[in-house]
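Structure below is target.cif: mmCIF, C-alpha atoms and all ligand atoms.
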```
data_entry
#
loop_
_atom_site.group_PDB
_atom_site.id
_atom_site.type_symbol
_atom_site.label_atom_id
_atom_site.label_comp_id
_atom_site.auth_asym_id
_atom_site.auth_seq_id
_atom_site.Cartn_x
_atom_site.Cartn_y
_atom_site.Cartn_z
ATOM 1 C CA MET A 1 -17.741 -8.951 17.706
ATOM 2 C CA ILE A 2 -20.913 -10.552 16.435
ATOM 3 C CA GLU A 3 -21.287 -13.930 18.094
ATOM 4 C CA ALA A 4 -22.566 -17.045 16.370
ATOM 5 C CA ASP A 5 -24.134 -20.042 18.165
ATOM 6 C CA LYS A 6 -21.658 -22.882 17.814
ATOM 7 C CA ILE A 7 -17.908 -23.410 17.620
ATOM 8 C CA TRP A 8 -16.294 -26.629 16.449
ATOM 9 C CA MET A 9 -13.820 -27.716 19.104
ATOM 10 C CA ASN A 10 -11.778 -30.914 19.016
ATOM 11 C CA GLY A 11 -14.292 -32.708 16.842
ATOM 12 C CA GLU A 12 -17.586 -31.476 18.286
ATOM 13 C CA LEU A 13 -19.855 -28.476 17.893
ATOM 14 C CA VAL A 14 -20.118 -26.767 21.274
ATOM 15 C CA ASP A 15 -22.027 -23.675 22.366
ATOM 16 C CA TRP A 16 -20.177 -20.432 21.663
ATOM 17 C CA GLY A 17 -19.729 -19.658 25.364
ATOM 18 C CA ASP A 18 -18.458 -23.150 26.159
ATOM 19 C CA ALA A 19 -15.508 -23.063 23.728
ATOM 20 C CA GLN A 20 -12.946 -22.497 26.478
ATOM 21 C CA VAL A 21 -9.353 -23.434 27.238
ATOM 22 C CA HIS A 22 -7.402 -23.879 30.465
ATOM 23 C CA VAL A 23 -5.362 -20.836 31.544
ATOM 24 C CA LEU A 24 -2.257 -22.999 31.640
ATOM 25 C CA SER A 25 -2.548 -23.959 27.973
ATOM 26 C CA HIS A 26 0.890 -23.822 26.379
ATOM 27 C CA GLY A 27 -0.280 -21.693 23.471
ATOM 28 C CA LEU A 28 -1.613 -18.978 25.746
ATOM 29 C CA HIS A 29 1.762 -18.552 27.422
ATOM 30 C CA TYR A 30 4.175 -18.917 24.548
ATOM 31 C CA GLY A 31 2.177 -18.119 21.413
ATOM 32 C CA SER A 32 2.478 -21.725 20.231
ATOM 33 C CA THR A 33 -0.586 -21.615 18.001
ATOM 34 C CA VAL A 34 -1.094 -21.729 14.252
ATOM 35 C CA PHE A 35 -4.202 -20.373 12.639
ATOM 36 C CA GLU A 36 -5.980 -19.286 9.492
ATOM 37 C CA GLY A 37 -8.273 -16.473 8.480
ATOM 38 C CA ILE A 38 -10.726 -17.533 5.781
ATOM 39 C CA ARG A 39 -13.824 -15.917 4.342
ATOM 40 C CA ALA A 40 -17.046 -17.330 3.000
ATOM 41 C CA TYR A 41 -19.257 -15.147 0.826
ATOM 42 C CA ALA A 42 -22.922 -15.198 -0.090
ATOM 43 C CA THR A 43 -23.382 -16.294 -3.703
ATOM 44 C CA ASP A 44 -26.458 -17.014 -5.833
ATOM 45 C CA ASP A 45 -25.953 -20.677 -4.932
ATOM 46 C CA GLY A 46 -25.591 -20.217 -1.181
ATOM 47 C CA PRO A 47 -22.530 -19.460 0.949
ATOM 48 C CA ALA A 48 -19.170 -20.475 -0.512
ATOM 49 C CA VAL A 49 -15.758 -20.604 1.149
ATOM 50 C CA PHE A 50 -12.994 -18.891 -0.780
ATOM 51 C CA ARG A 51 -9.901 -21.053 -1.419
ATOM 52 C CA LEU A 52 -10.584 -23.333 1.521
ATOM 53 C CA GLN A 53 -8.152 -26.040 0.388
ATOM 54 C CA ASP A 54 -5.358 -23.483 0.070
ATOM 55 C CA HIS A 55 -6.006 -22.119 3.542
ATOM 56 C CA LEU A 56 -6.053 -25.598 5.072
ATOM 57 C CA ALA A 57 -2.847 -26.465 3.215
ATOM 58 C CA ARG A 58 -1.189 -23.367 4.694
ATOM 59 C CA LEU A 59 -2.443 -24.331 8.165
ATOM 60 C CA GLU A 60 -0.776 -27.722 7.713
ATOM 61 C CA ARG A 61 2.468 -26.083 6.572
ATOM 62 C CA SER A 62 2.410 -23.682 9.534
ATOM 63 C CA ALA A 63 1.810 -26.598 11.921
ATOM 64 C CA ALA A 64 4.634 -28.595 10.338
ATOM 65 C CA VAL A 65 7.156 -25.806 10.996
ATOM 66 C CA TYR A 66 6.342 -25.970 14.699
ATOM 67 C CA GLN A 67 6.158 -29.792 14.705
ATOM 68 C CA MET A 68 2.565 -29.628 15.791
ATOM 69 C CA PRO A 69 0.850 -32.721 14.339
ATOM 70 C CA LEU A 70 -2.739 -31.801 13.467
ATOM 71 C CA PRO A 71 -5.016 -34.548 14.803
ATOM 72 C CA TYR A 72 -7.450 -34.107 11.870
ATOM 73 C CA THR A 73 -7.057 -34.681 8.161
ATOM 74 C CA ARG A 74 -7.559 -31.945 5.589
ATOM 75 C CA GLU A 75 -10.924 -33.459 4.669
ATOM 76 C CA GLN A 76 -12.052 -33.600 8.306
ATOM 77 C CA LEU A 77 -11.162 -29.925 8.754
ATOM 78 C CA ARG A 78 -12.918 -29.046 5.509
ATOM 79 C CA GLU A 79 -16.059 -30.814 6.726
ATOM 80 C CA ALA A 80 -15.755 -29.067 10.076
ATOM 81 C CA VAL A 81 -15.662 -25.664 8.323
ATOM 82 C CA HIS A 82 -18.808 -26.646 6.417
ATOM 83 C CA ASP A 83 -20.497 -27.807 9.656
ATOM 84 C CA VAL A 84 -19.691 -24.556 11.435
ATOM 85 C CA ILE A 85 -21.161 -22.447 8.631
ATOM 86 C CA ALA A 86 -24.204 -24.671 8.243
ATOM 87 C CA SER A 87 -24.985 -25.048 11.948
ATOM 88 C CA ASN A 88 -24.715 -21.296 12.492
ATOM 89 C CA GLU A 89 -26.745 -20.640 9.316
ATOM 90 C CA LEU A 90 -24.159 -18.125 8.143
ATOM 91 C CA THR A 91 -25.764 -17.713 4.733
ATOM 92 C CA GLU A 92 -24.699 -14.078 4.334
ATOM 93 C CA GLY A 93 -21.001 -14.882 4.445
ATOM 94 C CA CYS A 94 -18.635 -14.939 7.387
ATOM 95 C CA TYR A 95 -15.061 -14.916 8.592
ATOM 96 C CA ILE A 96 -13.728 -18.341 9.585
ATOM 97 C CA ARG A 97 -10.958 -18.840 12.125
ATOM 98 C CA PRO A 98 -9.431 -22.306 12.410
ATOM 99 C CA ILE A 99 -6.789 -22.460 15.134
ATOM 100 C CA ALA A 100 -4.561 -25.232 16.440
ATOM 101 C CA TRP A 101 -2.702 -24.756 19.684
ATOM 102 C CA ARG A 102 -0.449 -26.510 22.105
ATOM 103 C CA GLY A 103 -2.862 -27.316 24.882
ATOM 104 C CA TYR A 104 -2.868 -28.015 28.603
ATOM 105 C CA GLY A 105 -0.545 -30.375 30.397
ATOM 106 C CA VAL A 106 3.031 -29.237 29.903
ATOM 107 C CA MET A 107 4.752 -26.019 30.901
ATOM 108 C CA GLY A 108 8.169 -24.853 29.779
ATOM 109 C CA LEU A 109 9.365 -24.214 26.302
ATOM 110 C CA TYR A 110 9.725 -27.760 25.029
ATOM 111 C CA PRO A 111 6.290 -28.139 23.429
ATOM 112 C CA LEU A 112 6.300 -31.576 21.853
ATOM 113 C CA ASP A 113 4.750 -33.323 24.858
ATOM 114 C CA ALA A 114 1.807 -30.911 25.016
ATOM 115 C CA PRO A 115 -1.419 -31.968 23.267
ATOM 116 C CA VAL A 116 -2.540 -30.243 20.076
ATOM 117 C CA ASP A 117 -6.090 -28.889 20.235
ATOM 118 C CA VAL A 118 -8.047 -27.540 17.280
ATOM 119 C CA ALA A 119 -11.046 -25.237 17.036
ATOM 120 C CA ILE A 120 -12.911 -23.570 14.194
ATOM 121 C CA ALA A 121 -15.114 -20.548 14.783
ATOM 122 C CA ALA A 122 -17.058 -18.485 12.253
ATOM 123 C CA TRP A 123 -18.966 -15.261 12.627
ATOM 124 C CA PRO A 124 -20.130 -12.320 10.503
ATOM 125 C CA TRP A 125 -17.291 -9.814 10.011
ATOM 126 C CA GLY A 126 -17.531 -6.908 7.583
ATOM 127 C CA ALA A 127 -14.705 -5.123 5.764
ATOM 128 C CA TYR A 128 -11.663 -5.229 8.098
ATOM 129 C CA LEU A 129 -10.463 -1.742 7.186
ATOM 130 C CA GLY A 130 -14.009 -0.442 6.598
ATOM 131 C CA ASP A 131 -16.302 -0.170 3.571
ATOM 132 C CA GLU A 132 -15.154 3.380 2.866
ATOM 133 C CA ALA A 133 -11.532 2.195 2.790
ATOM 134 C CA LEU A 134 -12.367 -0.281 0.020
ATOM 135 C CA ARG A 135 -13.807 2.613 -1.995
ATOM 136 C CA SER A 136 -11.331 5.403 -1.351
ATOM 137 C CA GLY A 137 -8.292 3.881 0.325
ATOM 138 C CA ILE A 138 -6.467 3.870 3.641
ATOM 139 C CA ARG A 139 -3.803 6.078 5.165
ATOM 140 C CA ALA A 140 -0.766 3.941 5.940
ATOM 141 C CA LYS A 141 2.393 4.659 7.901
ATOM 142 C CA ILE A 142 5.737 2.898 7.832
ATOM 143 C CA SER A 143 6.189 1.379 11.266
ATOM 144 C CA SER A 144 9.253 1.957 13.369
ATOM 145 C CA TRP A 145 9.023 -1.787 14.158
ATOM 146 C CA ARG A 146 10.739 -4.058 11.652
ATOM 147 C CA ARG A 147 9.045 -7.175 10.341
ATOM 148 C CA ILE A 148 10.404 -10.328 12.007
ATOM 149 C CA GLY A 149 13.257 -11.740 9.973
ATOM 150 C CA ALA A 150 13.467 -15.144 8.332
ATOM 151 C CA SER A 151 16.107 -16.255 10.820
ATOM 152 C CA THR A 152 14.126 -15.144 13.878
ATOM 153 C CA ILE A 153 10.598 -16.443 13.259
ATOM 154 C CA PRO A 154 9.588 -17.879 9.890
ATOM 155 C CA ALA A 155 7.258 -15.267 8.438
ATOM 156 C CA THR A 156 5.638 -17.731 6.047
ATOM 157 C CA ALA A 157 4.116 -19.760 8.901
ATOM 158 C CA LYS A 158 0.969 -18.158 10.282
ATOM 159 C CA ALA A 159 1.702 -18.671 13.965
ATOM 160 C CA GLY A 160 0.181 -16.805 16.888
ATOM 161 C CA GLY A 161 3.417 -15.595 18.474
ATOM 162 C CA GLN A 162 4.580 -13.746 15.393
ATOM 163 C CA TYR A 163 1.560 -11.478 15.597
ATOM 164 C CA LEU A 164 3.125 -9.667 18.559
ATOM 165 C CA ASN A 165 5.210 -8.013 15.859
ATOM 166 C CA SER A 166 2.076 -6.954 13.960
ATOM 167 C CA ILE A 167 0.363 -5.835 17.173
ATOM 168 C CA LEU A 168 3.184 -3.449 18.069
ATOM 169 C CA ALA A 169 3.060 -1.960 14.579
ATOM 170 C CA LYS A 170 -0.740 -1.739 14.572
ATOM 171 C CA ILE A 171 -0.890 0.065 17.923
ATOM 172 C CA GLU A 172 1.754 2.533 16.803
ATOM 173 C CA SER A 173 -0.026 3.360 13.531
ATOM 174 C CA HIS A 174 -3.411 3.614 15.227
ATOM 175 C CA LYS A 175 -2.093 5.992 17.884
ATOM 176 C CA GLY A 176 -0.514 8.059 15.162
ATOM 177 C CA GLY A 177 -3.929 8.464 13.523
ATOM 178 C CA TYR A 178 -3.302 6.091 10.585
ATOM 179 C CA ASP A 179 -5.418 3.190 9.380
ATOM 180 C CA GLU A 180 -2.646 0.666 8.945
ATOM 181 C CA ALA A 181 1.056 0.015 9.516
ATOM 182 C CA LEU A 182 3.457 -1.099 6.796
ATOM 183 C CA LEU A 183 6.554 -2.919 8.011
ATOM 184 C CA LEU A 184 10.024 -2.895 6.522
ATOM 185 C CA ASN A 185 12.091 -6.047 6.896
ATOM 186 C CA GLU A 186 15.469 -6.207 8.619
ATOM 187 C CA GLN A 187 17.167 -5.205 5.364
ATOM 188 C CA GLY A 188 15.025 -2.080 5.187
ATOM 189 C CA PHE A 189 12.832 -3.146 2.254
ATOM 190 C CA VAL A 190 9.058 -3.183 2.308
ATOM 191 C CA ALA A 191 7.655 -6.465 3.689
ATOM 192 C CA ASP A 192 3.932 -6.318 4.395
ATOM 193 C CA GLY A 193 1.212 -4.609 6.391
ATOM 194 C CA SER A 194 0.377 -5.723 9.927
ATOM 195 C CA GLY A 195 -2.115 -8.163 8.371
ATOM 196 C CA GLU A 196 -1.848 -7.647 4.609
ATOM 197 C CA ASN A 197 0.481 -8.091 1.664
ATOM 198 C CA LEU A 198 1.360 -5.072 -0.428
ATOM 199 C CA PHE A 199 1.481 -4.206 -4.117
ATOM 200 C CA ILE A 200 2.589 -1.082 -5.933
ATOM 201 C CA VAL A 201 2.008 -0.029 -9.528
ATOM 202 C CA ARG A 202 4.772 1.695 -11.461
ATOM 203 C CA ASP A 203 4.392 2.497 -15.148
ATOM 204 C CA GLY A 204 1.627 -0.074 -15.528
ATOM 205 C CA VAL A 205 3.635 -2.889 -13.890
ATOM 206 C CA LEU A 206 2.515 -4.528 -10.663
ATOM 207 C CA ILE A 207 5.338 -4.997 -8.163
ATOM 208 C CA THR A 208 5.173 -6.965 -4.908
ATOM 209 C CA PRO A 209 7.834 -8.103 -2.429
ATOM 210 C CA PRO A 210 9.049 -11.714 -2.850
ATOM 211 C CA LEU A 211 8.678 -14.401 -0.185
ATOM 212 C CA GLN A 212 12.326 -13.876 0.783
ATOM 213 C CA ALA A 213 11.393 -10.363 1.945
ATOM 214 C CA SER A 214 9.882 -11.897 5.134
ATOM 215 C CA ILE A 215 6.260 -11.710 4.053
ATOM 216 C CA LEU A 216 3.377 -14.027 4.787
ATOM 217 C CA GLU A 217 2.595 -16.144 1.727
ATOM 218 C CA GLY A 218 -0.800 -14.533 1.310
ATOM 219 C CA ILE A 219 -3.594 -16.347 -0.465
ATOM 220 C CA THR A 220 -5.179 -13.063 -1.541
ATOM 221 C CA ARG A 221 -1.753 -12.032 -2.868
ATOM 222 C CA ASP A 222 -1.694 -15.179 -4.975
ATOM 223 C CA THR A 223 -5.289 -14.576 -6.113
ATOM 224 C CA VAL A 224 -4.460 -11.030 -7.173
ATOM 225 C CA MET A 225 -1.352 -12.175 -9.028
ATOM 226 C CA GLN A 226 -3.344 -14.755 -10.960
ATOM 227 C CA LEU A 227 -6.120 -12.300 -11.800
ATOM 228 C CA ALA A 228 -3.730 -9.515 -12.794
ATOM 229 C CA ARG A 229 -1.840 -11.888 -15.076
ATOM 230 C CA GLU A 230 -5.108 -12.827 -16.746
ATOM 231 C CA GLU A 231 -5.772 -9.122 -17.232
ATOM 232 C CA GLY A 232 -2.484 -8.867 -19.081
ATOM 233 C CA VAL A 233 -0.769 -6.890 -16.316
ATOM 234 C CA GLU A 234 2.923 -7.676 -15.888
ATOM 235 C CA ILE A 235 3.916 -8.663 -12.337
ATOM 236 C CA ILE A 236 7.362 -8.459 -10.830
ATOM 237 C CA GLU A 237 8.278 -9.918 -7.452
ATOM 238 C CA ARG A 238 11.178 -7.867 -6.187
ATOM 239 C CA GLU A 239 12.281 -5.891 -3.201
ATOM 240 C CA ILE A 240 10.647 -2.494 -2.845
ATOM 241 C CA ALA A 241 12.441 0.452 -1.293
ATOM 242 C CA ARG A 242 10.509 2.644 1.105
ATOM 243 C CA ALA A 243 10.677 5.741 -1.085
ATOM 244 C CA GLU A 244 9.192 3.818 -4.017
ATOM 245 C CA LEU A 245 5.935 3.826 -2.096
ATOM 246 C CA TYR A 246 5.897 7.612 -2.033
ATOM 247 C CA ALA A 247 6.438 7.814 -5.791
ATOM 248 C CA ALA A 248 4.198 4.882 -6.768
ATOM 249 C CA ASP A 249 1.346 5.408 -9.231
ATOM 250 C CA GLU A 250 -0.822 3.138 -7.091
ATOM 251 C CA VAL A 251 -0.495 1.175 -3.871
ATOM 252 C CA PHE A 252 -2.881 -1.422 -2.492
ATOM 253 C CA VAL A 253 -2.891 -4.072 0.217
ATOM 254 C CA THR A 254 -4.400 -7.557 0.129
ATOM 255 C CA GLY A 255 -5.577 -9.986 2.768
ATOM 256 C CA THR A 256 -8.454 -12.267 3.608
ATOM 257 C CA ALA A 257 -9.740 -9.790 6.179
ATOM 258 C CA ALA A 258 -8.754 -6.605 4.296
ATOM 259 C CA GLU A 259 -9.614 -8.036 0.829
ATOM 260 C CA VAL A 260 -8.175 -5.762 -1.914
ATOM 261 C CA CYS A 261 -7.887 -2.315 -0.396
ATOM 262 C CA PRO A 262 -6.389 0.802 -2.007
ATOM 263 C CA VAL A 263 -3.861 2.914 -0.121
ATOM 264 C CA ARG A 264 -4.363 6.650 -0.521
ATOM 265 C CA GLU A 265 -1.432 7.873 1.553
ATOM 266 C CA VAL A 266 1.876 6.475 2.751
ATOM 267 C CA ASP A 267 3.650 8.588 5.369
ATOM 268 C CA ASP A 268 1.395 11.486 4.297
ATOM 269 C CA PHE A 269 2.437 11.272 0.638
ATOM 270 C CA PRO A 270 -0.807 11.252 -1.396
ATOM 271 C CA ILE A 271 -1.411 8.437 -3.904
ATOM 272 C CA GLU A 272 -4.266 8.054 -6.370
ATOM 273 C CA ALA A 273 -6.758 5.620 -4.857
ATOM 274 C CA PRO A 274 -8.098 3.521 -6.313
ATOM 275 C CA GLY A 275 -5.914 3.842 -9.380
ATOM 276 C CA PRO A 276 -6.946 2.137 -12.639
ATOM 277 C CA ILE A 277 -5.037 -1.127 -12.116
ATOM 278 C CA THR A 278 -6.158 -1.384 -8.484
ATOM 279 C CA LYS A 279 -9.730 -0.903 -9.673
ATOM 280 C CA ARG A 280 -9.415 -3.612 -12.320
ATOM 281 C CA VAL A 281 -7.966 -6.077 -9.857
ATOM 282 C CA GLN A 282 -10.573 -5.150 -7.248
ATOM 283 C CA ASP A 283 -13.412 -5.665 -9.740
ATOM 284 C CA ARG A 284 -12.129 -9.112 -10.720
ATOM 285 C CA PHE A 285 -11.553 -10.058 -7.072
ATOM 286 C CA PHE A 286 -14.969 -8.941 -5.861
ATOM 287 C CA ALA A 287 -16.628 -10.805 -8.752
ATOM 288 C CA ALA A 288 -14.567 -13.953 -8.106
ATOM 289 C CA ILE A 289 -15.455 -14.233 -4.417
ATOM 290 C CA VAL A 290 -19.195 -14.133 -5.082
ATOM 291 C CA GLY A 291 -19.176 -16.617 -7.959
ATOM 292 C CA ARG A 292 -19.323 -14.142 -10.830
ATOM 293 C CA ASP A 293 -15.932 -14.636 -12.470
ATOM 294 C CA PRO A 294 -14.640 -17.404 -14.726
ATOM 295 C CA ARG A 295 -12.152 -18.289 -11.969
ATOM 296 C CA SER A 296 -14.813 -18.620 -9.260
ATOM 297 C CA ALA A 297 -15.356 -22.294 -10.033
ATOM 298 C CA ASP A 298 -11.726 -23.047 -9.143
ATOM 299 C CA TRP A 299 -11.828 -21.167 -5.885
ATOM 300 C CA LEU A 300 -15.255 -21.514 -4.288
ATOM 301 C CA ASP A 301 -16.298 -24.394 -2.055
ATOM 302 C CA TYR A 302 -20.097 -24.198 -1.703
ATOM 303 C CA VAL A 303 -21.676 -24.990 1.649
ATOM 304 C CA THR A 304 -25.110 -26.561 1.975
ATOM 305 C CA VAL A 305 -27.074 -24.864 4.720
ATOM 306 C CA PRO A 306 -30.224 -26.858 5.538
ATOM 307 C CA ALA A 307 -33.383 -24.763 5.739
ATOM 308 C CA PRO A 308 -34.440 -24.309 9.376
ATOM 309 C CA ALA A 309 -37.086 -26.781 10.473
ATOM 310 C CA ARG A 310 -40.560 -25.228 10.424
ATOM 311 C CA PRO A 311 -42.696 -25.689 13.531
HETATM 312 N N1 LIG B 401 0.576 -10.599 5.753
HETATM 313 C C1 LIG B 401 0.269 -10.769 7.055
HETATM 314 C C2 LIG B 401 1.265 -10.403 8.089
HETATM 315 C C3 LIG B 401 -0.985 -11.297 7.410
HETATM 316 O O1 LIG B 401 -1.305 -11.475 8.698
HETATM 317 C C4 LIG B 401 -1.927 -11.626 6.406
HETATM 318 C C5 LIG B 401 -3.292 -12.146 6.780
HETATM 319 N N2 LIG B 401 -3.324 -13.532 6.890
HETATM 320 C C6 LIG B 401 -1.549 -11.432 5.071
HETATM 321 C C7 LIG B 401 -0.295 -10.919 4.780
HETATM 322 C C8 LIG B 401 -2.505 -11.778 3.957
HETATM 323 O O2 LIG B 401 -2.681 -13.161 3.825
HETATM 324 P P1 LIG B 401 -4.000 -13.782 3.218
HETATM 325 O O3 LIG B 401 -4.251 -13.104 1.934
HETATM 326 O O4 LIG B 401 -3.707 -15.227 3.064
HETATM 327 O O5 LIG B 401 -5.093 -13.532 4.201
#
```
Please express the file's structure as structure tokens.
Amino acid sequence: MIEADKIWMNGELVDWGDAQVHVLSHGLHYGSTVFEGIRAYATDDGPAVFRLQDHLARLERSAAVYQMPLPYTREQLREAVHDVIASNELTEGCYIRPIAWRGYGVMGLYPLDAPVDVAIAAWPWGAYLGDEALRSGIRAKISSWRRIGASTIPATAKAGGQYLNSILAKIESHKGGYDEALLLNEQGFVADGSGENLFIVRDGVLITPPLQASILEGITRDTVMQLAREEGVEIIEREIARAELYAADEVFVTGTAAEVCPVREVDDFPIEAPGPITKRVQDRFFAAIVGRDPRSADWLDYVTVPAPARP
């Protein structure tokens, strides 16, 4: 990874190498962490964070599920994100990782007596699935691992422990020579990718699994739904059967890291990538994130990066 200089940790900017935790931190042992993945992009008016309020709201919701009181307000965390970008002079855009975890002091599964620590790091991170993937699509494979069910771990909370499920699927797909894993839920319907939501196009209609299908409530998913609606594309949230992927006119995945990425094969069945609707949505999305769409004003939070002092 490309390192930056400073990480915000429990209220202060510390050197990258000093942002450390004790090995007996609760979150390290039991996955009791909640986190976000956010991106900032370079725009004509400086770096801007995409849907920062929505990401921080989801962090708060994730923390609430695990009864992890965040010791900072939304506005304090927003300012901290700005400080991290500004102090690291990340003017070309970056990936931002806020994380809250149950800290050091208590072992055992009852977590409520352990402190809650918070850190925010940011660093340059290019296209998660690769630049070529954004142009011509990924090869995806249905995982033999099922997505965690709503009555095992709440899929809508972005908590560290649940990513063991994604990690198993990701390793399997990678070893099989695929770019990404798609997970079915316990009922056997399509849920999401290891780190992305999924859409298919059938006869000009955009279809995506509903929240009840054990998906993460993706912010890119919501962005795409809003943009597609504005484009006059009908959207249906309903369960998707595995074989519908093979017969789909188009398939694409969405995520903060993966952005809007076409899928060109599912289980070796070829799919047009990017298809016309995927391309339209991609064009709107990539304009919106850099301030060149009518919706950009709603979604971008501009960061002031002071010019470096001249000697
Ligand atoms: N599903 C899963 C399992 C994810 O990890 C992510 C990434 N956060 C997403 C979907 C996409 O969510 P978002 O668009 O908010 O990044």
Applied to the shown file, which residues does the PyMOL selection byres (((chain A and resi 244) around 12) and not hetatm) return, written as a PDB file with C-alpha atoms, in the frame of the given file?
```pdb
ATOM      1  CA  PHE A 189      12.832  -3.146   2.254  1.00  0.00           C
ATOM      2  CA  VAL A 190       9.058  -3.183   2.308  1.00  0.00           C
ATOM      3  CA  PHE A 199       1.481  -4.206  -4.117  1.00  0.00           C
ATOM      4  CA  ILE A 200       2.589  -1.082  -5.933  1.00  0.00           C
ATOM      5  CA  VAL A 201       2.008  -0.029  -9.528  1.00  0.00           C
ATOM      6  CA  ARG A 202       4.772   1.695 -11.461  1.00  0.00           C
ATOM      7  CA  ILE A 207       5.338  -4.997  -8.163  1.00  0.00           C
ATOM      8  CA  THR A 208       5.173  -6.965  -4.908  1.00  0.00           C
ATOM      9  CA  GLU A 239      12.281  -5.891  -3.201  1.00  0.00           C
ATOM     10  CA  ILE A 240      10.647  -2.494  -2.845  1.00  0.00           C
ATOM     11  CA  ALA A 241      12.441   0.452  -1.293  1.00  0.00           C
ATOM     12  CA  ARG A 242      10.509   2.644   1.105  1.00  0.00           C
ATOM     13  CA  ALA A 243      10.677   5.741  -1.085  1.00  0.00           C
ATOM     14  CA  LEU A 245       5.935   3.826  -2.096  1.00  0.00           C
ATOM     15  CA  TYR A 246       5.897   7.612  -2.033  1.00  0.00           C
ATOM     16  CA  ALA A 247       6.438   7.814  -5.791  1.00  0.00           C
ATOM     17  CA  ALA A 248       4.198   4.882  -6.768  1.00  0.00           C
ATOM     18  CA  ASP A 249       1.346   5.408  -9.231  1.00  0.00           C
ATOM     19  CA  GLU A 250      -0.822   3.138  -7.091  1.00  0.00           C
ATOM     20  CA  VAL A 251      -0.495   1.175  -3.871  1.00  0.00           C
ATOM     21  CA  VAL A 266       1.876   6.475   2.751  1.00  0.00           C
ATOM     22  CA  ASP A 267       3.650   8.588   5.369  1.00  0.00           C
ATOM     23  CA  PHE A 269       2.437  11.272   0.638  1.00  0.00           C
ATOM     24  CA  ILE A 271      -1.411   8.437  -3.904  1.00  0.00           C
TER      25      ILE A 271
END
```
When the PyMOL selection byres (((chain A and resi 277-289) around 9) and not hetatm) is applied to the file above, which residues end up in the set, as a PDB file with C-alpha atoms, in the coordinates of the input?
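Below is the file that was written, part.pdb:
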```pdb
ATOM      1  CA  ALA A  40     -17.046 -17.330   3.000  1.00  0.00           C
ATOM      2  CA  TYR A  41     -19.257 -15.147   0.826  1.00  0.00           C
ATOM      3  CA  ALA A  42     -22.922 -15.198  -0.090  1.00  0.00           C
ATOM      4  CA  THR A  43     -23.382 -16.294  -3.703  1.00  0.00           C
ATOM      5  CA  ALA A  48     -19.170 -20.475  -0.512  1.00  0.00           C
ATOM      6  CA  VAL A  49     -15.758 -20.604   1.149  1.00  0.00           C
ATOM      7  CA  PHE A  50     -12.994 -18.891  -0.780  1.00  0.00           C
ATOM      8  CA  LEU A 134     -12.367  -0.281   0.020  1.00  0.00           C
ATOM      9  CA  VAL A 201       2.008  -0.029  -9.528  1.00  0.00           C
ATOM     10  CA  GLY A 204       1.627  -0.074 -15.528  1.00  0.00           C
ATOM     11  CA  LEU A 206       2.515  -4.528 -10.663  1.00  0.00           C
ATOM     12  CA  THR A 220      -5.179 -13.063  -1.541  1.00  0.00           C
ATOM     13  CA  THR A 223      -5.289 -14.576  -6.113  1.00  0.00           C
ATOM     14  CA  VAL A 224      -4.460 -11.030  -7.173  1.00  0.00           C
ATOM     15  CA  LEU A 227      -6.120 -12.300 -11.800  1.00  0.00           C
ATOM     16  CA  ALA A 228      -3.730  -9.515 -12.794  1.00  0.00           C
ATOM     17  CA  GLU A 231      -5.772  -9.122 -17.232  1.00  0.00           C
ATOM     18  CA  VAL A 233      -0.769  -6.890 -16.316  1.00  0.00           C
ATOM     19  CA  GLU A 250      -0.822   3.138  -7.091  1.00  0.00           C
ATOM     20  CA  VAL A 251      -0.495   1.175  -3.871  1.00  0.00           C
ATOM     21  CA  PHE A 252      -2.881  -1.422  -2.492  1.00  0.00           C
ATOM     22  CA  GLU A 259      -9.614  -8.036   0.829  1.00  0.00           C
ATOM     23  CA  VAL A 260      -8.175  -5.762  -1.914  1.00  0.00           C
ATOM     24  CA  CYS A 261      -7.887  -2.315  -0.396  1.00  0.00           C
ATOM     25  CA  PRO A 262      -6.389   0.802  -2.007  1.00  0.00           C
ATOM     26  CA  ALA A 273      -6.758   5.620  -4.857  1.00  0.00           C
ATOM     27  CA  PRO A 274      -8.098   3.521  -6.313  1.00  0.00           C
ATOM     28  CA  GLY A 275      -5.914   3.842  -9.380  1.00  0.00           C
ATOM     29  CA  PRO A 276      -6.946   2.137 -12.639  1.00  0.00           C
ATOM     30  CA  VAL A 290     -19.195 -14.133  -5.082  1.00  0.00           C
ATOM     31  CA  GLY A 291     -19.176 -16.617  -7.959  1.00  0.00           C
ATOM     32  CA  ARG A 292     -19.323 -14.142 -10.830  1.00  0.00           C
ATOM     33  CA  ASP A 293     -15.932 -14.636 -12.470  1.00  0.00           C
ATOM     34  CA  PRO A 294     -14.640 -17.404 -14.726  1.00  0.00           C
ATOM     35  CA  ARG A 295     -12.152 -18.289 -11.969  1.00  0.00           C
ATOM     36  CA  SER A 296     -14.813 -18.620  -9.260  1.00  0.00           C
ATOM     37  CA  ALA A 297     -15.356 -22.294 -10.033  1.00  0.00           C
ATOM     38  CA  TRP A 299     -11.828 -21.167  -5.885  1.00  0.00           C
ATOM     39  CA  LEU A 300     -15.255 -21.514  -4.288  1.00  0.00           C
TER      40      LEU A 300
END
```
**Request:** Name the residues in contact with region 116-126 of chain A at a cut-off of 7 Å, using only C-alpha atoms, excluding same-chain residues fewer than 2 positions from it; report them as a PyMOL selection string.
**Result:** chain A and resi 2-4+7-10+68+70+81+84-85+93-103+114+128
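The coordinates place CA of Val205 (chain A) at 5.2 Å from CA of Glu234 (chain A).
A straight line drawn from CA of Ala63 (chain A) to CA of Leu112 (chain A) is 12.0 Å long.
If you look at CA of Met225 (chain A) and CA of Leu211 (chain A), they are 13.6 Å away from each other.
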Around region 236-250 of chain A, with edges along x, y and z and 4 Å added on all six sides, what centre and edge lengths do you get, in Å to one decimal, as JSON?
```
{"center_x": 5.8, "center_y": -1.1, "center_z": -4.9, "size_x": 21.3, "size_y": 25.7, "size_z": 19.9}
```
